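Below is coords-v9.cif, holding mmCIF, C-alpha atoms.
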```cif
data_query
loop_
_atom_site.label_atom_id
_atom_site.label_comp_id
_atom_site.auth_asym_id
_atom_site.auth_seq_id
_atom_site.Cartn_x
_atom_site.Cartn_y
_atom_site.Cartn_z
CA MET A 1 36.74 -98.64 -104.10
CA GLY A 2 33.43 -97.42 -105.47
CA VAL A 3 32.96 -94.60 -107.93
CA ASN A 4 31.76 -92.19 -105.23
CA GLU A 5 34.76 -92.91 -103.02
CA ALA A 6 37.10 -92.45 -105.97
CA MET A 7 35.51 -89.13 -106.95
CA ASN A 8 35.62 -87.90 -103.35
CA TYR A 9 39.29 -88.84 -103.12
CA VAL A 10 40.15 -87.12 -106.39
CA LEU A 11 38.15 -83.97 -105.63
CA PHE A 12 38.50 -83.62 -101.86
CA ASN A 13 40.74 -86.06 -100.00
CA ASN A 14 44.03 -86.32 -101.85
CA PRO A 15 46.92 -84.07 -100.70
CA VAL A 16 46.73 -81.65 -103.65
CA SER A 17 42.97 -81.08 -103.54
CA SER A 18 43.02 -80.90 -99.73
CA SER A 19 45.53 -78.07 -99.85
CA MET A 20 43.52 -76.32 -102.56
CA TRP A 21 40.32 -76.62 -100.46
CA SER A 22 42.23 -75.25 -97.46
CA LEU A 23 43.44 -72.31 -99.50
CA ALA A 24 39.90 -71.71 -100.77
CA SER A 25 38.59 -71.95 -97.22
CA TYR A 26 41.00 -69.27 -96.00
CA GLY A 27 40.00 -67.05 -98.94
CA ALA A 28 36.30 -67.62 -98.21
CA LYS A 29 36.80 -66.74 -94.53
CA ALA A 30 38.61 -63.57 -95.55
CA VAL A 31 35.55 -62.38 -97.47
CA GLY A 32 33.04 -63.55 -94.82
CA LEU A 33 31.76 -66.82 -96.31
CA LYS A 34 31.26 -70.14 -94.48
CA PRO A 35 33.75 -72.52 -96.15
CA LYS A 36 32.52 -75.76 -94.51
CA ALA A 37 29.04 -75.30 -95.94
CA ILE A 38 30.56 -74.72 -99.40
CA ALA A 39 32.72 -77.87 -99.17
CA GLN A 40 29.80 -80.02 -97.96
CA THR A 41 27.57 -78.75 -100.75
CA ALA A 42 30.27 -79.48 -103.31
CA ALA A 43 30.79 -83.03 -101.97
CA THR A 44 27.05 -83.77 -102.01
CA HIS A 45 26.70 -82.34 -105.51
CA THR A 46 29.65 -84.42 -106.75
CA ALA A 47 28.15 -87.65 -105.35
CA THR A 48 24.78 -86.89 -106.92
CA VAL A 49 26.29 -86.06 -110.31
CA THR A 50 28.41 -89.21 -110.21
CA GLN A 51 25.39 -91.39 -109.48
CA GLN A 52 23.45 -89.82 -112.33
CA ALA A 53 26.35 -89.88 -114.79
CA ILE A 54 27.26 -93.56 -114.32
CA PRO A 55 24.16 -95.79 -114.23
CA PRO A 56 24.46 -99.48 -113.33
CA LEU A 57 25.54 -101.70 -116.21
CA TRP A 58 22.20 -103.53 -116.34
CA LYS A 59 20.48 -100.23 -117.14
CA LEU A 60 22.86 -99.65 -120.04
CA LEU A 61 21.68 -102.89 -121.63
CA GLY A 62 18.23 -101.44 -122.32
CA HIS A 63 16.15 -103.76 -124.48
CA ASN A 64 19.14 -106.12 -124.75
CA ARG A 65 18.50 -107.13 -121.13
CA HIS A 66 16.41 -109.99 -122.52
CA ILE A 67 19.58 -111.57 -123.88
CA VAL A 68 21.11 -111.62 -120.38
CA ARG A 69 17.91 -113.15 -119.01
CA LEU A 70 17.96 -115.80 -121.73
CA ALA A 71 21.59 -116.57 -120.90
CA GLY A 72 20.63 -116.97 -117.23
CA LEU A 73 17.86 -119.39 -118.10
CA SER A 74 20.14 -121.32 -120.45
CA GLY A 75 22.90 -121.56 -117.83
CA ALA A 76 20.49 -122.81 -115.17
CA ALA A 77 19.13 -125.41 -117.60
CA ALA A 78 22.68 -126.52 -118.44
CA VAL A 79 23.48 -127.15 -114.78
CA VAL A 80 20.20 -129.01 -114.18
CA LEU A 81 20.61 -131.17 -117.30
CA GLY A 82 24.28 -131.79 -116.47
CA ALA A 83 23.30 -133.09 -113.04
CA TYR A 84 20.54 -135.24 -114.51
CA GLY A 85 22.86 -136.72 -117.13
CA ALA A 86 25.65 -137.35 -114.64
CA HIS A 87 23.48 -139.02 -112.03
CA TYR A 88 20.60 -140.77 -113.74
CA HIS A 89 20.54 -141.10 -117.48
CA PHE A 90 23.97 -142.27 -118.61
CA LEU A 91 25.03 -144.43 -115.66
CA PRO A 92 24.84 -148.15 -116.28
CA LYS A 93 22.43 -149.82 -113.88
CA ASP A 94 25.20 -151.70 -112.06
CA GLU A 95 27.59 -148.72 -111.70
CA ASP A 96 27.45 -146.76 -108.47
CA MET A 97 28.54 -143.13 -108.06
CA GLN A 98 31.19 -144.43 -105.63
CA ASP A 99 33.00 -146.20 -108.48
CA ARG A 100 33.66 -143.10 -110.58
CA ASP A 101 37.18 -142.52 -111.81
CA PRO A 102 38.91 -139.59 -110.02
CA LYS A 103 40.21 -138.30 -113.35
CA GLN A 104 36.66 -138.22 -114.74
CA ILE A 105 35.49 -136.32 -111.62
CA PHE A 106 38.38 -133.88 -111.98
CA GLU A 107 37.71 -133.19 -115.67
CA MET A 108 34.00 -132.57 -115.08
CA THR A 109 34.74 -130.35 -112.10
CA ASN A 110 37.35 -128.36 -113.95
CA ARG A 111 34.92 -127.80 -116.85
CA TYR A 112 32.20 -126.53 -114.47
CA HIS A 113 34.74 -124.38 -112.63
CA PHE A 114 35.98 -122.78 -115.84
CA ILE A 115 32.51 -122.15 -117.29
CA HIS A 116 31.27 -120.56 -114.08
CA SER A 117 34.43 -118.44 -113.81
CA LEU A 118 33.57 -117.06 -117.25
CA ALA A 119 29.98 -116.52 -116.10
CA LEU A 120 31.31 -114.36 -113.25
CA MET A 121 32.56 -111.92 -115.88
CA ALA A 122 28.92 -111.31 -116.85
CA ALA A 123 27.80 -110.73 -113.23
CA PRO A 124 28.07 -106.92 -113.56
CA PHE A 125 25.31 -107.10 -116.18
CA ALA A 126 22.90 -108.69 -113.72
CA ARG A 127 20.36 -106.44 -112.06
CA ARG A 128 21.76 -107.49 -108.68
CA PRO A 129 25.44 -108.15 -109.46
CA TYR A 130 26.52 -108.74 -105.87
CA LEU A 131 23.81 -111.37 -105.37
CA THR A 132 24.78 -113.09 -108.62
CA THR A 133 28.46 -113.02 -107.66
CA ALA A 134 27.79 -114.35 -104.16
CA LEU A 135 25.61 -117.20 -105.46
CA MET A 136 28.12 -118.15 -108.15
CA MET A 137 31.12 -117.98 -105.81
CA CYS A 138 29.43 -119.96 -103.03
CA GLY A 139 28.17 -122.48 -105.59
CA MET A 140 31.62 -122.90 -107.15
CA THR A 141 33.21 -123.22 -103.72
CA LEU A 142 30.80 -125.89 -102.54
CA PHE A 143 30.35 -127.77 -105.82
CA CYS A 144 33.81 -127.53 -107.35
CA GLY A 145 35.62 -127.53 -104.02
CA THR A 146 34.05 -130.77 -102.84
CA CYS A 147 34.45 -132.43 -106.24
CA TYR A 148 38.13 -131.41 -106.44
CA TYR A 149 38.60 -132.76 -102.93
CA VAL A 150 37.05 -136.11 -103.91
CA ALA A 151 39.09 -136.26 -107.13
CA PHE A 152 42.39 -135.57 -105.35
CA THR A 153 41.89 -137.56 -102.13
CA ASN A 154 39.19 -140.13 -102.98
CA ASP A 155 37.67 -139.21 -99.59
CA ARG A 156 33.91 -138.91 -100.08
CA SER A 157 33.08 -137.48 -96.67
CA VAL A 158 32.22 -134.06 -98.15
CA VAL A 159 29.96 -135.15 -101.03
CA ARG A 160 26.77 -134.25 -99.16
CA LEU A 161 27.73 -130.57 -99.68
CA THR A 162 28.09 -130.97 -103.46
CA PRO A 163 24.35 -130.77 -104.29
CA MET A 164 24.04 -127.57 -102.25
CA GLY A 165 26.76 -126.07 -104.43
CA GLY A 166 24.91 -127.22 -107.53
CA PHE A 167 21.70 -125.58 -106.36
CA LEU A 168 23.60 -122.34 -105.63
CA LEU A 169 25.00 -122.41 -109.17
CA ILE A 170 21.48 -122.85 -110.55
CA PHE A 171 20.23 -119.96 -108.41
CA GLY A 172 23.23 -117.89 -109.56
CA TRP A 173 22.19 -118.39 -113.17
CA LEU A 174 18.56 -117.67 -112.36
CA SER A 175 19.59 -114.41 -110.66
CA PHE A 176 20.30 -113.02 -114.14
CA ILE A 177 16.55 -113.26 -114.79
CA ILE A 178 15.33 -111.10 -111.90
#
```

How does this structure look as structure tokens?
Amino acid sequence: MGVNEAMNYVLFNNPVSSSMWSLASYGAKAVGLKPKAIAQTAATHTATVTQQAIPPLWKLLGHNRHIVRLAGLSGAAAVVLGAYGAHYHFLPKDEDMQDRDPKQIFEMTNRYHFIHSLALMAAPFARRPYLTTALMMCGMTLFCGTCYYVAFTNDRSVVRLTPMGGFLLIFGWLSFII
């Protein structure tokens, strides 16, 4: 429930305020006023005041917004470097990705899952929090979900989706920059 819906419920739609508005409407009719116009004006005014009184979190950061942007860049770099290290740099030449230990896959996946779950807590500070949340959640679902599946079942039929999840995680981090 958004702030506007909550304010409208508290001021207009709950049983107590509804009965008070009805009573006020009868009183207004008795003196010749148009009560519906008064109620609509009050609801519009309340929504406008609420929007002005509670700015988005990213606006509250002010000049500290650069810190959130830096964190986004750092997170994206961490995912990119993690993929590079896992796939190219540290693998012995004769070892194939198929031969990885399921416990090793699980531990890496769980670490990425936990770190990105913590990153979701910062999503409200992004300029577009719903975009950041969607990218992070889709990335975690595709990346962590497929890696967990491989770790638990040793069935590698879903691994072609894993890189898409990784790219979504990178884009999720980069969404803190925009």

Run the PyMOL selection byres ((chain A and resi 57) around 9) mentally over the shown coordinates, then write out the matched residues as an NGL selection string, using the chain letters and numbers from the document. :A and (54-56 or 58-61 or 124-127)

Emit the selected residues as a PDB file, in the frame of the given file, including C-alpha atoms.
```pdb
ATOM      1  CA  ILE A  54      27.260 -93.560-114.320  1.00  0.00           C
ATOM      2  CA  PRO A  55      24.160 -95.790-114.230  1.00  0.00           C
ATOM      3  CA  PRO A  56      24.460 -99.480-113.330  1.00  0.00           C
ATOM      4  CA  TRP A  58      22.200-103.530-116.340  1.00  0.00           C
ATOM      5  CA  LYS A  59      20.480-100.230-117.140  1.00  0.00           C
ATOM      6  CA  LEU A  60      22.860 -99.650-120.040  1.00  0.00           C
ATOM      7  CA  LEU A  61      21.680-102.890-121.630  1.00  0.00           C
ATOM      8  CA  PRO A 124      28.070-106.920-113.560  1.00  0.00           C
ATOM      9  CA  PHE A 125      25.310-107.100-116.180  1.00  0.00           C
ATOM     10  CA  ALA A 126      22.900-108.690-113.720  1.00  0.00           C
ATOM     11  CA  ARG A 127      20.360-106.440-112.060  1.00  0.00           C
TER      12      ARG A 127
END
```

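Minimum distance to Leu131 (chain A) across A:Asn64, A:Ser175, A:Ser74, A:Asn154 (counting only C-alpha atoms) occurs at A:Ser175.
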
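CA of Ala76 (chain A) is found 16.7 Å from CA of Arg128 (chain A).
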
Distance query region 162-169 of chain A at most 9 Å, all atoms listed in the file, self and fewer than 6 positions along chain excluded, as a list in words: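 Returned residues: Gly75, Ala76, Val79, Val80, Ala83, His116, Leu135, Met136, Met137, Cys138, Gly139, Met140, Thr141, Leu142, Phe143, Cys144, Gly145, Thr146 and Cys147 of chain A.
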
In terms of the shortest atom-to-atom distance over all atoms listed in the file, which of A:Tyr149, A:Tyr112, A:Phe106, A:Phe176 is closest to Ala78 (chain A)?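 Among A:Tyr149, A:Tyr112, A:Phe106, A:Phe176, it is A:Tyr112 that comes nearest to Ala78 (chain A).
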
What separation in Å, quoted to one decimal, exists between CA of Ala122 (chain A) and CA of Phe171 (chain A)?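 So the two atoms, CA of Ala122 (chain A) and CA of Phe171 (chain A), lie 14.9 Å apart.
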
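Minimum atom-to-atom distances from A:Gly62, A:Lys103, A:Asp155, A:Thr132 to Leu174 (chain A) were compared using all atoms listed in the file, and the lowest value belongs to A:Thr132.
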
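Distances from A:Ala119, A:Glu107, A:Ile170, A:Pro102 to Arg156 (chain A) were compared using all atoms listed in the file, and the smallest one belongs to A:Pro102.
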
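Pairwise distance (CA of Ile177 (chain A), CA of Leu73 (chain A)) equals 7.1 Å.
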